[in-house]
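Peer 1: Data: target_36.cif, mmCIF, C-alpha atoms.
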```cif
data_my_file
loop_
_atom_site.label_atom_id
_atom_site.label_comp_id
_atom_site.auth_asym_id
_atom_site.auth_seq_id
_atom_site.Cartn_x
_atom_site.Cartn_y
_atom_site.Cartn_z
CA MET V 1 -26.84 -35.14 -50.47
CA LEU V 2 -25.20 -31.99 -51.83
CA ILE V 3 -22.63 -30.07 -49.78
CA LEU V 4 -21.50 -26.51 -50.41
CA ALA V 5 -17.95 -26.32 -49.02
CA ILE V 6 -16.31 -22.97 -48.28
CA ASP V 7 -12.71 -22.56 -47.10
CA SER V 8 -10.94 -19.29 -46.33
CA ALA V 9 -8.75 -20.26 -43.37
CA THR V 10 -5.45 -19.77 -45.21
CA PRO V 11 -4.26 -17.44 -48.01
CA CYS V 12 -5.80 -20.00 -50.39
CA ALA V 13 -9.59 -19.58 -50.70
CA GLY V 14 -11.75 -22.37 -52.09
CA VAL V 15 -15.32 -23.37 -52.87
CA ALA V 16 -16.69 -26.76 -53.90
CA LEU V 17 -19.95 -28.58 -54.52
CA VAL V 18 -19.70 -32.21 -53.45
CA ASN V 19 -22.13 -35.11 -53.32
CA LYS V 20 -21.60 -38.70 -52.14
CA GLU V 21 -20.43 -39.82 -55.56
CA LYS V 22 -18.06 -37.07 -56.69
CA VAL V 23 -16.76 -33.53 -56.52
CA LEU V 24 -19.06 -31.68 -58.90
CA TYR V 25 -17.23 -28.36 -58.80
CA GLU V 26 -14.08 -27.07 -57.16
CA GLU V 27 -12.34 -23.70 -57.45
CA SER V 28 -9.44 -22.20 -55.53
CA ALA V 29 -7.38 -19.02 -55.60
CA ASN V 30 -4.08 -18.31 -53.87
CA PHE V 31 -3.05 -14.96 -55.30
CA LYS V 32 -3.26 -11.47 -53.79
CA ARG V 33 -7.00 -10.72 -53.80
CA THR V 34 -8.79 -10.82 -50.46
CA HIS V 35 -11.26 -13.55 -49.59
CA SER V 36 -14.03 -10.98 -49.14
CA GLU V 37 -13.67 -10.12 -52.83
CA ILE V 38 -13.65 -13.63 -54.25
CA LEU V 39 -15.63 -16.06 -52.06
CA MET V 40 -19.18 -15.14 -53.10
CA PRO V 41 -18.30 -14.88 -56.82
CA MET V 42 -16.84 -18.40 -56.46
CA VAL V 43 -20.08 -19.62 -54.88
CA ASP V 44 -22.11 -18.03 -57.69
CA ARG V 45 -19.92 -19.67 -60.36
CA ALA V 46 -20.26 -23.05 -58.65
CA PHE V 47 -24.07 -22.85 -58.70
CA LYS V 48 -24.22 -21.57 -62.28
CA THR V 49 -21.83 -24.22 -63.58
CA CYS V 50 -23.69 -27.04 -61.83
CA GLU V 51 -27.12 -25.61 -62.70
CA CYS V 52 -28.31 -25.56 -59.10
CA SER V 53 -28.86 -23.12 -56.23
CA LEU V 54 -28.64 -22.89 -52.47
CA ASP V 55 -32.11 -24.44 -52.33
CA ASP V 56 -30.60 -27.71 -53.63
CA VAL V 57 -27.87 -27.82 -50.97
CA SER V 58 -28.23 -30.23 -48.02
CA ALA V 59 -25.69 -28.47 -45.78
CA ILE V 60 -22.93 -25.85 -45.85
CA ALA V 61 -19.43 -26.84 -44.72
CA VAL V 62 -16.70 -24.48 -43.53
CA THR V 63 -13.17 -24.79 -42.20
CA VAL V 64 -13.35 -23.67 -38.57
CA GLY V 65 -9.63 -23.08 -38.01
CA PRO V 66 -6.94 -22.76 -37.01
CA GLY V 67 -5.71 -20.32 -39.61
CA SER V 68 -5.67 -16.67 -40.58
CA PHE V 69 -7.76 -14.61 -38.15
CA THR V 70 -9.09 -12.41 -40.95
CA GLY V 71 -9.65 -15.31 -43.34
CA LEU V 72 -11.57 -17.30 -40.74
CA ARG V 73 -13.80 -14.33 -39.90
CA ILE V 74 -14.61 -13.80 -43.59
CA GLY V 75 -15.44 -17.48 -44.08
CA MET V 76 -17.55 -17.63 -40.93
CA GLY V 77 -19.40 -14.44 -41.89
CA THR V 78 -20.13 -15.79 -45.36
CA VAL V 79 -21.40 -19.12 -44.06
CA LYS V 80 -23.47 -17.51 -41.31
CA GLY V 81 -25.14 -15.27 -43.86
CA LEU V 82 -25.89 -18.17 -46.19
CA GLY V 83 -27.06 -20.36 -43.31
CA LEU V 84 -29.33 -17.77 -41.73
CA GLY V 85 -30.79 -16.81 -45.08
CA SER V 86 -31.49 -20.36 -46.19
CA GLY V 87 -31.96 -22.33 -42.98
CA LYS V 88 -29.41 -24.86 -44.19
CA PRO V 89 -27.48 -26.79 -41.48
CA ILE V 90 -23.80 -25.99 -40.92
CA ILE V 91 -20.91 -28.46 -40.69
CA VAL V 92 -17.53 -27.38 -39.32
CA VAL V 93 -14.25 -29.14 -40.08
CA SER V 94 -10.74 -28.50 -38.76
CA THR V 95 -8.47 -26.76 -41.24
CA LEU V 96 -5.61 -29.08 -40.28
CA GLU V 97 -7.75 -32.20 -40.72
CA THR V 98 -8.89 -30.94 -44.13
CA ILE V 99 -5.27 -30.62 -45.29
CA ALA V 100 -4.30 -34.01 -43.84
CA PHE V 101 -7.15 -35.59 -45.82
CA ASN V 102 -5.22 -34.73 -49.02
CA LEU V 103 -3.03 -37.77 -48.29
CA SER V 104 -5.71 -40.24 -47.23
CA GLY V 105 -4.41 -43.82 -47.51
CA HIS V 106 -0.71 -42.96 -47.17
CA GLN V 107 1.38 -44.97 -44.70
CA ALA V 108 3.66 -42.12 -43.63
CA MET V 109 3.05 -39.95 -40.58
CA VAL V 110 1.62 -36.59 -41.67
CA GLY V 111 2.35 -33.30 -39.92
CA VAL V 112 0.18 -30.33 -40.89
CA LEU V 113 1.65 -26.87 -40.31
CA LEU V 114 0.04 -23.49 -40.84
CA ASP V 115 2.05 -20.29 -40.54
CA ALA V 116 1.06 -18.68 -37.22
CA ARG V 117 3.81 -16.04 -37.49
CA LYS V 118 5.75 -14.94 -34.39
CA GLN V 119 8.06 -17.93 -35.00
CA GLU V 120 5.23 -20.43 -34.45
CA VAL V 121 3.08 -22.81 -36.47
CA TYR V 122 -0.41 -24.14 -35.90
CA SER V 123 0.05 -27.88 -36.06
CA SER V 124 -1.19 -31.39 -35.50
CA ILE V 125 0.12 -34.82 -36.47
CA TYR V 126 -2.06 -37.40 -38.20
CA ASP V 127 -2.32 -41.06 -39.07
CA VAL V 128 -3.82 -40.95 -42.58
CA SER V 129 -3.64 -44.67 -43.37
CA GLY V 130 -7.41 -45.07 -43.04
CA LYS V 131 -10.29 -43.57 -44.97
CA PHE V 132 -10.24 -40.42 -42.83
CA PRO V 133 -7.40 -38.75 -40.88
CA SER V 134 -6.92 -39.70 -37.24
CA ALA V 135 -5.23 -37.07 -35.05
CA LEU V 136 -2.25 -38.31 -33.03
CA THR V 137 -1.71 -34.98 -31.25
CA ASP V 138 -3.82 -32.03 -30.19
CA GLU V 139 -4.01 -28.95 -32.39
CA GLN V 140 -1.67 -26.33 -30.97
CA ALA V 141 0.44 -23.26 -31.66
CA ILE V 142 4.05 -24.36 -31.29
CA SER V 143 7.57 -23.37 -32.30
CA PRO V 144 9.19 -25.21 -35.24
CA GLU V 145 11.67 -26.69 -32.76
CA GLY V 146 8.86 -27.87 -30.50
CA PHE V 147 7.07 -29.43 -33.45
CA VAL V 148 10.18 -31.36 -34.51
CA GLU V 149 10.67 -32.67 -30.98
CA LEU V 150 7.03 -33.76 -30.81
CA ALA V 151 7.13 -35.36 -34.28
CA LEU V 152 10.28 -37.36 -33.52
CA GLU V 153 8.73 -38.55 -30.26
CA MET V 154 5.58 -39.61 -32.11
CA LYS V 155 7.67 -41.32 -34.79
CA GLU V 156 9.26 -43.56 -32.17
CA LYS V 157 6.01 -44.15 -30.32
CA GLN V 158 4.05 -45.11 -33.45
CA SER V 159 6.99 -46.77 -35.30
CA TYR V 160 6.84 -44.57 -38.39
CA SER V 161 9.80 -44.50 -40.77
CA GLN V 162 8.68 -41.53 -42.89
CA ILE V 163 7.03 -38.15 -42.36
CA ILE V 164 5.24 -35.81 -44.75
CA LEU V 165 4.76 -32.13 -43.93
CA LEU V 166 1.83 -30.21 -45.39
CA GLY V 167 0.60 -26.63 -45.08
CA ASP V 168 1.98 -23.15 -45.63
CA GLY V 169 3.76 -23.29 -42.28
CA TYR V 170 6.30 -25.60 -43.85
CA TYR V 171 7.77 -23.03 -46.23
CA PRO V 172 9.22 -20.43 -43.79
CA TYR V 173 11.12 -23.17 -41.95
CA GLN V 174 11.74 -25.70 -44.71
CA ASP V 175 15.53 -25.65 -44.42
CA TYR V 176 15.29 -26.36 -40.72
CA PHE V 177 12.76 -29.17 -41.22
CA LYS V 178 14.85 -30.76 -43.97
CA SER V 179 17.88 -30.74 -41.70
CA ALA V 180 15.99 -31.99 -38.64
CA PHE V 181 14.15 -34.86 -40.34
CA GLY V 182 16.74 -35.80 -42.96
CA LYS V 183 15.92 -38.70 -45.24
CA MET V 184 12.71 -39.57 -43.40
CA LEU V 185 11.05 -36.41 -44.80
CA ILE V 186 9.16 -37.10 -48.05
CA PRO V 187 8.87 -34.18 -50.53
CA THR V 188 5.29 -33.22 -51.40
CA PRO V 189 3.97 -31.50 -54.57
CA SER V 190 2.44 -28.06 -54.10
CA HIS V 191 -1.10 -29.08 -55.08
CA LEU V 192 -1.32 -31.24 -51.94
CA MET V 193 0.05 -28.65 -49.52
CA LEU V 194 -3.03 -26.47 -48.91
CA PRO V 195 -6.71 -27.03 -48.04
CA ARG V 196 -8.89 -28.36 -50.83
CA ALA V 197 -12.56 -27.40 -50.76
CA GLY V 198 -13.36 -30.78 -52.31
CA ALA V 199 -11.66 -32.51 -49.36
CA LEU V 200 -13.64 -30.30 -46.98
CA GLY V 201 -16.84 -31.36 -48.73
CA ASN V 202 -16.07 -35.06 -48.41
CA LEU V 203 -15.20 -34.74 -44.72
CA ALA V 204 -18.46 -32.84 -44.26
CA ILE V 205 -20.46 -35.64 -45.85
CA ASN V 206 -18.95 -38.06 -43.32
CA LYS V 207 -19.93 -35.72 -40.49
CA ALA V 208 -23.44 -35.27 -41.92
CA ASP V 209 -23.91 -39.04 -42.01
CA LYS V 210 -23.14 -39.04 -38.28
CA GLY V 211 -25.41 -36.08 -37.57
CA GLU V 212 -22.56 -33.76 -36.59
CA PHE V 213 -24.04 -30.35 -37.33
CA THR V 214 -23.31 -26.98 -35.69
CA ASP V 215 -25.96 -24.41 -34.84
CA VAL V 216 -25.40 -21.29 -36.91
CA PHE V 217 -25.66 -19.11 -33.79
CA ALA V 218 -22.92 -21.15 -32.08
CA LEU V 219 -20.59 -20.93 -35.06
CA LYS V 220 -17.20 -19.49 -34.13
CA PRO V 221 -13.64 -19.97 -35.35
CA ILE V 222 -10.87 -21.86 -33.56
CA TYR V 223 -7.89 -19.51 -33.26
CA LEU V 224 -5.67 -21.51 -30.80
CA ARG V 225 -4.21 -18.25 -29.52
CA LEU V 226 -5.25 -14.64 -28.91
CA SER V 227 -5.30 -12.11 -31.74
CA GLU V 228 -2.79 -9.26 -31.55
CA ALA V 229 -5.50 -6.87 -30.36
CA GLU V 230 -6.71 -9.32 -27.69
CA TYR V 231 -3.15 -9.95 -26.55
CA LYS V 232 -2.46 -6.22 -26.18
CA LEU V 233 -5.77 -5.73 -24.34
CA LYS V 234 -4.90 -8.54 -21.93
CA LYS V 235 -1.51 -6.91 -21.29
CA GLY V 236 -3.13 -3.51 -20.78
CA ALA V 237 -1.52 -2.04 -23.89
CA LEU V 238 -4.87 -0.91 -25.34
#
```
Re-express the file's structure as structure tokens.

Peer 2:
Amino acid sequence: MLILAIDSATPCAGVALVNKEKVLYEESANFKRTHSEILMPMVDRAFKTCECSLDDVSAIAVTVGPGSFTGLRIGMGTVKGLGLGSGKPIIVVSTLETIAFNLSGHQAMVGVLLDARKQEVYSSIYDVSGKFPSALTDEQAISPEGFVELALEMKEKQSYSQIILLGDGYYPYQDYFKSAFGKMLIPTPSHLMLPRAGALGNLAINKADKGEFTDVFALKPIYLRLSEAEYKLKKGAL
């Protein structure tokens, strides 16, 4: 089985080729250029480096959200085009679950936070002690204060002594989180903070083994809240 994994849900874009034994190729970029400029060149480099093509791929995996509205649309458009053109099945994986998978096997509680702007984060809390992350809370858009309250409640309920925070939603509020969690907060190196296309590929293989595919025509991103344009339309401002 060979999985082409494509992630563009956050400012960090990534592409990987993954089989059941190893990550054959992984590339990421988190600097200025838009995902529409770099995703397909990344895919082309992956195939050239690994001396294969889309014909050799078993399925295409994509992060379905939450995340950047524009980034998700670019990723979905890319995967839809590849899927429709090749007939390859599609596998969708939560962006938050993909990030949580970076710490698979850790005994600490893991909170994943993506910057939702407007003083909110997209978040969920995970038990990552097993082979794959297990969500302890629903994915939601929430204030930093609301997240801290929820995390402390979950800490007591699940008897955790430590918490790790991942995702770009940590950085705008890091001083607040450090103060709120104190010594129970474990620092995390930057290479574990964002989605890894290789992690997406491995999660996709697990889903493929269970037959969890998504029809390309039903493929749509998970936003968790309305876009600015939709919000204004709902309020009658457009």

Peer 1: Would you write out, as JSON lines, a table of all residues in segment 130-195 of chain V that have an atom no more than 10 Å from an atom of segment 61-75 of chain V, listing for each the closest atom pair and the distance in Å to one decimal, considering only C-alpha atoms and ordering rows by chain and rising residue number?

Peer 2:
```
{"residue": "V:Glu139", "atom": "CA", "partner": "V:Pro66", "partner_atom": "CA", "distance": 8.3}
{"residue": "V:Gln140", "atom": "CA", "partner": "V:Pro66", "partner_atom": "CA", "distance": 8.8}
{"residue": "V:Ala141", "atom": "CA", "partner": "V:Pro66", "partner_atom": "CA", "distance": 9.1}
{"residue": "V:Pro195", "atom": "CA", "partner": "V:Thr63", "partner_atom": "CA", "distance": 9.0}
```

Peer 1: Show me a table, sorted first by chain and then by increasing residue number, of the residues of segment 189-216 of chain V having an atom at most 10 Å from segment 127-135 of chain V, each with its shortest atom pair and the distance in Å to one decimal, counting all atoms listed in the file and written as a Markdown table.

Peer 2:
```
| residue | atom | partner | partner_atom | distance |
| --- | --- | --- | --- | --- |
| V:Asn202 | CA | V:Phe132 | CA | 9.7 |
| V:Leu203 | CA | V:Phe132 | CA | 7.8 |
| V:Asn206 | CA | V:Phe132 | CA | 9.0 |
```

Peer 1: Take the residues just selected and output them with C-alpha atoms as a PDB file, keeping the file's coordinate frame.

Peer 2:
```
ATOM      1  CA  ASN V 202     -16.070 -35.060 -48.410  1.00  0.00           C
ATOM      2  CA  LEU V 203     -15.200 -34.740 -44.720  1.00  0.00           C
ATOM      3  CA  ASN V 206     -18.950 -38.060 -43.320  1.00  0.00           C
TER       4      ASN V 206
END
```

Peer 1: Could you state which residues are captured by the PyMOL selection byres ((chain V and resi 90) around 12) in this file, as a PyMOL selection string?

Peer 2: chain V and resi 3-6+57-64+76+78-84+86-89+91-93+201+204-205+207-208+211-220

Peer 1: Please evaluate the PyMOL selection byres ((chain V and resi 165) around 12) against the structure above and give the resulting residues as a ChimeraX atom specification.

Peer 2: /V:96,99-100,102-103,108-114,123-126,144,147-148,151,162-164,166-171,173-174,177-178,181,184-190,192-194

Peer 1: So, with only C-alpha atoms as the atoms that count, which of V:Arg45, V:Gly105, V:Ser94, V:Ile142 lies closest to Arg117 of chain V?

Peer 2: V:Ile142

Peer 1: With distances taken over only C-alpha atoms, which residue among V:Leu136, V:Val43, V:Tyr223, V:Thr98 lies nearest Ala199 of chain V?

Peer 2: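 Looking at the shortest contact to Ala199 of chain V, the residue is V:Thr98.
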
Peer 1: Taking only C-alpha atoms into account, name the residue in V:Cys52, V:Val18, V:Ala116, V:Cys12 that is nearest to His35 of chain V.

Peer 2: V:Cys12

Peer 1: Of the candidates V:Glu145, V:Asp44, V:Glu27, V:Asp55, which one gets nearest to Leu2 of chain V if we count all atoms listed in the file?

Peer 2: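 Closest residue, counting all atoms listed in the file: V:Asp55.
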
Peer 1: Can you tell me how far atom CA of Gly182 of chain V sits from atom CA of Gln107 of chain V, in Å to one decimal?

Peer 2: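 Those two atoms sit 18.0 Å apart.
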
Peer 1: Which of these, V:Gln158, V:Leu150, V:Arg33, V:Pro172, has the shortest distance to Gln119 of chain V once you count all atoms listed in the file?

Peer 2: V:Pro172

Peer 1: Please produce segment 79-90 of chain V, completed to all heavy atoms, as a short mmCIF file (atom, residue, chain, number, x, y, z; two decimals), keeping the file's coordinate frame.

Peer 2:
```cif
data_model
loop_
_atom_site.label_atom_id
_atom_site.label_comp_id
_atom_site.auth_asym_id
_atom_site.auth_seq_id
_atom_site.Cartn_x
_atom_site.Cartn_y
_atom_site.Cartn_z
N VAL V 79 -20.60 -17.93 -44.34
CA VAL V 79 -21.40 -19.12 -44.06
C VAL V 79 -22.58 -18.79 -43.14
O VAL V 79 -23.69 -19.31 -43.32
CB VAL V 79 -20.51 -20.23 -43.45
CG1 VAL V 79 -21.35 -21.38 -42.90
CG2 VAL V 79 -19.54 -20.75 -44.51
N LYS V 80 -22.35 -17.92 -42.17
CA LYS V 80 -23.47 -17.51 -41.31
C LYS V 80 -24.57 -16.83 -42.12
O LYS V 80 -25.76 -17.10 -41.93
CB LYS V 80 -22.97 -16.57 -40.21
CG LYS V 80 -22.31 -17.26 -39.04
CD LYS V 80 -21.97 -16.26 -37.94
CE LYS V 80 -21.39 -16.96 -36.73
NZ LYS V 80 -21.06 -16.02 -35.63
N GLY V 81 -24.15 -15.95 -43.03
CA GLY V 81 -25.14 -15.27 -43.86
C GLY V 81 -25.92 -16.24 -44.72
O GLY V 81 -27.16 -16.15 -44.80
N LEU V 82 -25.22 -17.18 -45.35
CA LEU V 82 -25.89 -18.17 -46.19
C LEU V 82 -26.79 -19.08 -45.35
O LEU V 82 -27.90 -19.43 -45.76
CB LEU V 82 -24.86 -19.00 -46.95
CG LEU V 82 -24.05 -18.26 -48.02
CD1 LEU V 82 -22.92 -19.13 -48.54
CD2 LEU V 82 -24.95 -17.83 -49.17
N GLY V 83 -26.29 -19.46 -44.17
CA GLY V 83 -27.06 -20.36 -43.31
C GLY V 83 -28.31 -19.71 -42.75
O GLY V 83 -29.40 -20.31 -42.74
N LEU V 84 -28.17 -18.48 -42.29
CA LEU V 84 -29.33 -17.77 -41.73
C LEU V 84 -30.37 -17.46 -42.80
O LEU V 84 -31.57 -17.52 -42.56
CB LEU V 84 -28.87 -16.47 -41.06
CG LEU V 84 -28.12 -16.63 -39.73
CD1 LEU V 84 -27.51 -15.31 -39.31
CD2 LEU V 84 -29.07 -17.15 -38.65
N GLY V 85 -29.87 -17.15 -44.00
CA GLY V 85 -30.79 -16.81 -45.08
C GLY V 85 -31.53 -17.99 -45.65
O GLY V 85 -32.65 -17.86 -46.15
N SER V 86 -30.91 -19.17 -45.56
CA SER V 86 -31.49 -20.36 -46.19
C SER V 86 -32.03 -21.39 -45.21
O SER V 86 -32.81 -22.26 -45.59
CB SER V 86 -30.44 -21.04 -47.06
OG SER V 86 -29.39 -21.56 -46.25
N GLY V 87 -31.57 -21.31 -43.95
CA GLY V 87 -31.96 -22.33 -42.98
C GLY V 87 -31.21 -23.63 -43.13
O GLY V 87 -31.55 -24.63 -42.48
N LYS V 88 -30.18 -23.64 -43.97
CA LYS V 88 -29.41 -24.86 -44.19
C LYS V 88 -28.51 -25.16 -42.98
O LYS V 88 -27.95 -24.25 -42.36
CB LYS V 88 -28.53 -24.74 -45.43
CG LYS V 88 -29.30 -24.47 -46.72
CD LYS V 88 -30.23 -25.63 -47.06
CE LYS V 88 -30.98 -25.36 -48.37
NZ LYS V 88 -31.88 -26.49 -48.74
N PRO V 89 -28.36 -26.44 -42.61
CA PRO V 89 -27.48 -26.79 -41.48
C PRO V 89 -26.01 -26.53 -41.82
O PRO V 89 -25.62 -26.52 -42.99
CB PRO V 89 -27.75 -28.28 -41.27
CG PRO V 89 -28.29 -28.77 -42.57
CD PRO V 89 -29.02 -27.62 -43.19
N ILE V 90 -25.21 -26.32 -40.78
CA ILE V 90 -23.80 -25.99 -40.92
C ILE V 90 -22.95 -27.16 -40.40
O ILE V 90 -23.27 -27.76 -39.37
CB ILE V 90 -23.44 -24.72 -40.14
CG1 ILE V 90 -24.38 -23.56 -40.50
CG2 ILE V 90 -21.98 -24.33 -40.40
CD1 ILE V 90 -24.36 -23.15 -41.94
#
```
